[in-house]
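Peer 1: Right, I'll just put the structure down here and ask away after.
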Amino acid sequence: MPAWQAAAAVFFTGLLRIRSFNALEPRLSEKPFLNLLGAKPDRTLCSVDTLSRALRVSALESVRQLSVGIVAQAERNKVFREGWHGAMHYVALDGWEPICTSKQHCEGCLVRRIRVKGRGGELRDEDQFYHRFVVAMLLGERFDLALDIEPMLPADLRAATDGRADQDEGELTAAKRLLPRVKKSFGWLEVVVADGLYANGPFLTLAEQLRMGAVVIARKEGDEPLREARRIWSGQKPQQIIEDPQSGERVELWDCPALRTLDSYKGPIRMVLGRVSNLDNPPGPPRDWCMAVTGRAVRLSPRKVLAVARGRWHIENTGFHQWTSRWHFTHVFTHDQLGIQALYWLFFAAYNLLTLFLYRQLRCYGRDRGKDVTRTISRLVDEMLDDLARLDAPLWDTS
Ligand SMILES: [Zn+2]
């Protein structure tokens with residue numbers, strides 16, 4: 001079986017939301033699925049064990065290029081021409097833990113001790129194995145795409161990257177490997193968006209070196225430059241107040257253009273505070289959003305900065321949450337450091353292609369079926385599965 005057919009089988013497993021390799025197994029000898037893969041319809045393509053092995057030995061860079069190529073082609077087709085806020089292009093970074101098990105482990109597993117309840121109700125400690133990644137996601141008004149993924153390495157594998165074999169990698173270390181690669185693949189990205197973990201000098205410096213702006217949530221009240229901004233804001237009236245009956249929100253905004261109190265970052269950092277409360281009567285307790293803004297992102301208005309920071313939520317909602325609840329991205333299809341990465345790039349390719357298809361080709365499709373986008377997508381996947389049963393000739397001409 002050629003490698004591309006194995007990759008195609010995994011790609012369609014992701015696209016058609018087949019829940020496990022066990023569920024895939026019978027399809028590998030069914031005519032419609034073989035037609036879909038361009039395989040000879042008179043015999044079984046391979047076993048799922050073979051597929052799993054193929055993932056483990058796949059050339060990661062070429063699998064990644066498949067996923068990257070889809071987004072790059074969409075960019076050439078001017079899909080992202082309009083950009084998002086301020087007509088710029090935003091990538092969100094966030095940690096993701098899709099796999100967690102006490103049963104099997106591989107060399108890429110991270111390990112933690114957890115307390116579990118035994119059969120007789122007694123408490124005992126056991127090892128839990130898990131895989132964590134940093135995911136890069138393109139944020140947009142109408143849709144979000146999965147751009148790239150990088151594993152957080154356990155200490156012994158980490159030794160080969162930065163020589164630090166004393167501890168497992170944290171999210172920031174993996175993110176610092178990921179962001180330059182993402183920028184290299186998608187040079188048109190302009191701003192990186194991230195949560196409080198990333199509000200530090202070294203990360204903002206990396207973004208600056210990559211000529212990217214940053215909008216990062218600042219959470220630690222005692223840390224610079226938030227501390228200095230709070231000092232300046234205290235007693236100041238908000239510079240802008242927006243009441244939006246449509247969203248039912250009142251937003252007060254404070255802006256602090258160029259602070260230089262963070263020693264580990266050379267340039268100016270703009271701080272923005274958005275205090276959001278609802279318009280209920282009486283109003284609910286306000287919530288503060290503090291953002292550190294650098295580079296080309298400083299040209300956004302305070303209101304836009306807040307919108308971008310709140311848009312970071314897309315990576316958890318349209319990304320992680322959907323991949324778990326609607327797709328089967330957190331099922332352990334194969335348990336191997338390289339195999340898991342290859343699988344995610346193929347699944348990302350499937351997710352991106354379906355997302356682009358829905359939003360570009362079927363603009364009216366979503367409107368016809370109401371606003372529930374996830375339901376719309378589920379419906380489309382059901383229709384594809386129904387259509388697959390009727391596929392009686394090869395889909396591709398592979399002669
Ligand atoms: Zn593992």
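Labels for the structure tokens follow display order: chains A, B, ..., residues from 1 in each chain, ligands from 1.
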Near stretch 70-72 of chain A, counting only C-alpha atoms, which residues have an atom at most 12 Å away, once you skip same-chain residues fewer than 3 positions from it, shown as a PyMOL selection string?

Peer 2: chain A and resi 63-67+75-80+137-138+144-148+182+184-189+345-346+348-357

Peer 1: Could those residues be written to a file, using N, CA, C and O atoms, as a compact mmCIF listing (two decimals), in the first residue's frame?

Peer 2:
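The result, stored in out01.txt:
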```
# COMPACT_ATOMS: atom_id res chain seq x y z
N VAL A 63 3.93 15.09 5.99
CA VAL A 63 2.54 15.07 6.45
C VAL A 63 2.11 16.49 6.85
O VAL A 63 1.02 16.96 6.53
N ARG A 64 3.04 17.18 7.53
CA ARG A 64 2.75 18.55 7.95
C ARG A 64 2.52 19.45 6.73
O ARG A 64 1.63 20.30 6.74
N GLN A 65 3.30 19.23 5.67
CA GLN A 65 3.16 20.05 4.47
C GLN A 65 1.77 19.91 3.84
O GLN A 65 1.26 20.85 3.23
N LEU A 66 1.19 18.74 4.00
CA LEU A 66 -0.17 18.53 3.47
C LEU A 66 -1.14 19.50 4.15
O LEU A 66 -1.94 20.18 3.51
N SER A 67 -1.03 19.56 5.49
CA SER A 67 -1.90 20.43 6.27
C SER A 67 -1.59 21.90 5.98
O SER A 67 -2.50 22.71 5.75
N GLU A 75 -4.90 30.89 1.19
CA GLU A 75 -4.38 32.27 1.26
C GLU A 75 -4.13 32.79 -0.16
O GLU A 75 -4.47 33.93 -0.48
N ARG A 76 -3.54 31.93 -1.01
CA ARG A 76 -3.30 32.36 -2.39
C ARG A 76 -4.62 32.66 -3.11
O ARG A 76 -4.70 33.51 -3.97
N ASN A 77 -5.67 31.92 -2.71
CA ASN A 77 -6.99 32.16 -3.29
C ASN A 77 -7.71 33.35 -2.63
O ASN A 77 -8.91 33.55 -2.83
N LYS A 78 -6.98 34.08 -1.82
CA LYS A 78 -7.47 35.32 -1.19
C LYS A 78 -8.64 35.12 -0.21
O LYS A 78 -9.45 36.00 0.01
N VAL A 79 -8.68 33.92 0.38
CA VAL A 79 -9.75 33.65 1.35
C VAL A 79 -9.63 34.56 2.58
O VAL A 79 -10.61 34.95 3.18
N PHE A 80 -8.37 34.89 2.96
CA PHE A 80 -8.17 35.67 4.18
C PHE A 80 -7.90 37.15 3.89
O PHE A 80 -7.38 37.87 4.73
N MET A 137 -3.79 28.50 16.08
CA MET A 137 -5.04 28.58 15.35
C MET A 137 -5.23 29.97 14.73
O MET A 137 -5.02 30.98 15.40
N LEU A 138 -5.61 29.98 13.47
CA LEU A 138 -5.92 31.24 12.80
C LEU A 138 -7.30 31.71 13.27
O LEU A 138 -8.27 30.97 13.16
N ASP A 144 -12.33 29.68 11.93
CA ASP A 144 -10.98 29.54 12.49
C ASP A 144 -10.35 28.28 11.91
O ASP A 144 -11.04 27.29 11.70
N LEU A 145 -9.05 28.33 11.65
CA LEU A 145 -8.38 27.16 11.08
C LEU A 145 -7.23 26.72 11.97
O LEU A 145 -6.57 27.55 12.60
N ALA A 146 -6.98 25.40 11.99
CA ALA A 146 -5.87 24.86 12.77
C ALA A 146 -4.59 24.98 11.94
O ALA A 146 -4.49 24.40 10.86
N LEU A 147 -3.62 25.75 12.42
CA LEU A 147 -2.42 25.99 11.62
C LEU A 147 -1.30 25.01 11.90
O LEU A 147 -0.62 24.55 11.01
N ASP A 148 -1.06 24.70 13.17
CA ASP A 148 0.09 23.86 13.49
C ASP A 148 -0.01 23.36 14.93
O ASP A 148 -0.83 23.86 15.70
N VAL A 182 5.50 28.58 12.59
CA VAL A 182 4.21 29.05 12.07
C VAL A 182 4.41 30.31 11.22
O VAL A 182 3.87 30.42 10.12
N LYS A 184 7.10 31.19 9.70
CA LYS A 184 7.83 30.85 8.49
C LYS A 184 6.88 30.25 7.44
O LYS A 184 6.98 30.53 6.25
N SER A 185 5.93 29.43 7.90
CA SER A 185 4.98 28.81 6.97
C SER A 185 3.94 29.80 6.46
O SER A 185 3.48 29.71 5.33
N PHE A 186 3.54 30.71 7.34
CA PHE A 186 2.45 31.64 6.99
C PHE A 186 2.93 33.07 7.27
O PHE A 186 2.56 33.68 8.28
N GLY A 187 3.76 33.57 6.37
CA GLY A 187 4.40 34.87 6.59
C GLY A 187 3.41 36.02 6.72
O GLY A 187 3.76 37.08 7.24
N TRP A 188 2.18 35.81 6.28
CA TRP A 188 1.18 36.88 6.30
C TRP A 188 0.51 37.05 7.67
O TRP A 188 -0.31 37.94 7.86
N LEU A 189 0.85 36.20 8.64
CA LEU A 189 0.30 36.39 9.98
C LEU A 189 0.96 37.61 10.62
O LEU A 189 2.17 37.77 10.54
N TRP A 345 -1.85 16.18 12.20
CA TRP A 345 -1.72 17.00 11.00
C TRP A 345 -2.71 16.55 9.92
O TRP A 345 -3.28 17.38 9.22
N LEU A 346 -2.94 15.25 9.83
CA LEU A 346 -3.94 14.77 8.86
C LEU A 346 -5.35 15.18 9.28
O LEU A 346 -6.17 15.58 8.46
N PHE A 348 -6.07 17.79 11.16
CA PHE A 348 -6.17 19.24 10.98
C PHE A 348 -6.48 19.55 9.51
O PHE A 348 -7.27 20.44 9.20
N ALA A 349 -5.82 18.80 8.62
CA ALA A 349 -6.08 19.01 7.19
C ALA A 349 -7.55 18.76 6.90
O ALA A 349 -8.20 19.53 6.17
N ALA A 350 -8.11 17.71 7.49
CA ALA A 350 -9.53 17.38 7.29
C ALA A 350 -10.42 18.48 7.87
O ALA A 350 -11.37 18.94 7.22
N TYR A 351 -10.09 18.91 9.08
CA TYR A 351 -10.89 19.95 9.73
C TYR A 351 -10.85 21.25 8.92
O TYR A 351 -11.88 21.89 8.69
N ASN A 352 -9.65 21.62 8.46
CA ASN A 352 -9.51 22.88 7.71
C ASN A 352 -10.25 22.82 6.38
O ASN A 352 -10.92 23.77 5.98
N LEU A 353 -10.10 21.68 5.71
CA LEU A 353 -10.72 21.57 4.39
C LEU A 353 -12.25 21.64 4.51
O LEU A 353 -12.92 22.32 3.74
N LEU A 354 -12.78 20.96 5.52
CA LEU A 354 -14.23 20.98 5.71
C LEU A 354 -14.70 22.39 6.10
O LEU A 354 -15.72 22.88 5.60
N THR A 355 -13.93 23.04 6.98
CA THR A 355 -14.29 24.39 7.40
C THR A 355 -14.27 25.35 6.21
O THR A 355 -15.22 26.12 5.99
N LEU A 356 -13.21 25.29 5.41
CA LEU A 356 -13.12 26.17 4.23
C LEU A 356 -14.25 25.89 3.25
O LEU A 356 -14.86 26.81 2.70
N PHE A 357 -14.52 24.62 3.06
CA PHE A 357 -15.58 24.24 2.13
C PHE A 357 -16.92 24.83 2.58
O PHE A 357 -17.65 25.45 1.81
```

Peer 1: Could you list, as a list in words, all the residues within 7 Å of ligand 1, counting only C-alpha atoms and all ligand atoms?

Peer 2: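 Counting only what the definition allows, namely only C-alpha atoms and all ligand atoms, the set is His105, Cys106, Glu107, Gly108, Cys109, Phe129, Tyr130, His131, His335, Asp336 and Gln337 of chain A.
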
Peer 1: Generate a file of the selected residues that holds N, CA, C and O atoms, formatted as a PDB file, in the first residue's frame.

Peer 2:
```
ATOM      1  N   HIS A 105       1.623   3.596  27.623  1.00  0.00           N
ATOM      2  CA  HIS A 105       2.428   4.791  27.469  1.00  0.00           C
ATOM      3  C   HIS A 105       3.465   4.601  26.376  1.00  0.00           C
ATOM      4  O   HIS A 105       3.715   3.486  25.929  1.00  0.00           O
ATOM      5  N   CYS A 106       4.024   5.711  25.927  1.00  0.00           N
ATOM      6  CA  CYS A 106       5.029   5.674  24.879  1.00  0.00           C
ATOM      7  C   CYS A 106       6.154   6.598  25.297  1.00  0.00           C
ATOM      8  O   CYS A 106       6.081   7.246  26.339  1.00  0.00           O
ATOM      9  N   GLU A 107       7.189   6.715  24.471  1.00  0.00           N
ATOM     10  CA  GLU A 107       8.341   7.523  24.891  1.00  0.00           C
ATOM     11  C   GLU A 107       8.032   9.014  24.915  1.00  0.00           C
ATOM     12  O   GLU A 107       8.744   9.782  25.551  1.00  0.00           O
ATOM     13  N   GLY A 108       6.934   9.413  24.243  1.00  0.00           N
ATOM     14  CA  GLY A 108       6.592  10.837  24.232  1.00  0.00           C
ATOM     15  C   GLY A 108       5.675  11.234  25.370  1.00  0.00           C
ATOM     16  O   GLY A 108       5.319  12.404  25.512  1.00  0.00           O
ATOM     17  N   CYS A 109       5.268  10.259  26.176  1.00  0.00           N
ATOM     18  CA  CYS A 109       4.308  10.550  27.252  1.00  0.00           C
ATOM     19  C   CYS A 109       4.914  11.438  28.329  1.00  0.00           C
ATOM     20  O   CYS A 109       6.065  11.273  28.722  1.00  0.00           O
ATOM     21  N   PHE A 129      -0.495   8.901  32.276  1.00  0.00           N
ATOM     22  CA  PHE A 129       0.305   9.297  31.110  1.00  0.00           C
ATOM     23  C   PHE A 129      -0.532  10.231  30.244  1.00  0.00           C
ATOM     24  O   PHE A 129      -1.714   9.982  30.028  1.00  0.00           O
ATOM     25  N   TYR A 130       0.099  11.272  29.750  1.00  0.00           N
ATOM     26  CA  TYR A 130      -0.672  12.211  28.946  1.00  0.00           C
ATOM     27  C   TYR A 130       0.208  12.885  27.900  1.00  0.00           C
ATOM     28  O   TYR A 130       1.439  12.879  28.018  1.00  0.00           O
ATOM     29  N   HIS A 131      -0.437  13.414  26.888  1.00  0.00           N
ATOM     30  CA  HIS A 131       0.261  14.183  25.856  1.00  0.00           C
ATOM     31  C   HIS A 131      -0.310  15.585  25.842  1.00  0.00           C
ATOM     32  O   HIS A 131      -1.524  15.753  25.787  1.00  0.00           O
ATOM     33  N   HIS A 335      -0.884   5.057  19.748  1.00  0.00           N
ATOM     34  CA  HIS A 335      -0.174   5.662  20.873  1.00  0.00           C
ATOM     35  C   HIS A 335       1.322   5.619  20.630  1.00  0.00           C
ATOM     36  O   HIS A 335       1.992   4.648  20.962  1.00  0.00           O
ATOM     37  N   ASP A 336       1.799   6.683  20.033  1.00  0.00           N
ATOM     38  CA  ASP A 336       3.213   6.775  19.692  1.00  0.00           C
ATOM     39  C   ASP A 336       3.516   8.238  19.422  1.00  0.00           C
ATOM     40  O   ASP A 336       2.721   8.938  18.786  1.00  0.00           O
ATOM     41  N   GLN A 337       4.629   8.691  19.904  1.00  0.00           N
ATOM     42  CA  GLN A 337       5.006  10.114  19.807  1.00  0.00           C
ATOM     43  C   GLN A 337       4.856  10.656  18.383  1.00  0.00           C
ATOM     44  O   GLN A 337       4.197  11.663  18.148  1.00  0.00           O
TER      45      GLN A 337
END
```

Peer 1: So which one's closest to A:Asp263, A:Ala7, A:Leu204, A:Ala214, A:Ala307? Using only C-alpha atoms, please.

Peer 2: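 Result for the nearest residue to A:Asp263: A:Leu204.
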
Peer 1: Can you list every residue in stretch 172-377 of chain A that DSSP puts in helix (DSSP H, G or I), as a PyMOL selection string?

Peer 2: chain A and resi 172-185+196-198+201-209+226-233+295-299+302-311+313-325+337-361+363-368+373-377

Peer 1: Output as number ranges by chain all residues of stretch 185-271 of chain A that backbone DSSP marks as strand (DSSP E).

Peer 2: A: 191-194, 213-217, 240-244, 249-259, 269-271

Peer 1: Record the distance separating atom CA of A:Val57 and atom CA of A:Gln5, expressed in Å with one decimal.

Peer 2: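 We find that atom CA of A:Val57 and atom CA of A:Gln5 lie 14.3 Å from each other.
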
Peer 1: Determine, using only C-alpha atoms, which residues of stretch 105-216 of chain A have any atom at most 12 Å from an atom of stretch 269-279 of chain A, and tabulate each with its shortest atom pair and distance in Å to one decimal place, rows ordered by chain and then rising number, as CSV.

Peer 2:
```
residue,atom,partner,partner_atom,distance
A:Ala199,CA,A:Ile269,CA,10.8
A:Asn200,CA,A:Ile269,CA,11.0
A:Gly201,CA,A:Ile269,CA,10.1
A:Leu204,CA,A:Ile269,CA,9.3
A:Thr205,CA,A:Ile269,CA,11.0
A:Glu208,CA,A:Ile269,CA,11.4
A:Gly213,CA,A:Ile269,CA,10.7
A:Ala214,CA,A:Ile269,CA,9.8
A:Val215,CA,A:Met271,CA,9.6
A:Val216,CA,A:Met271,CA,9.8
```
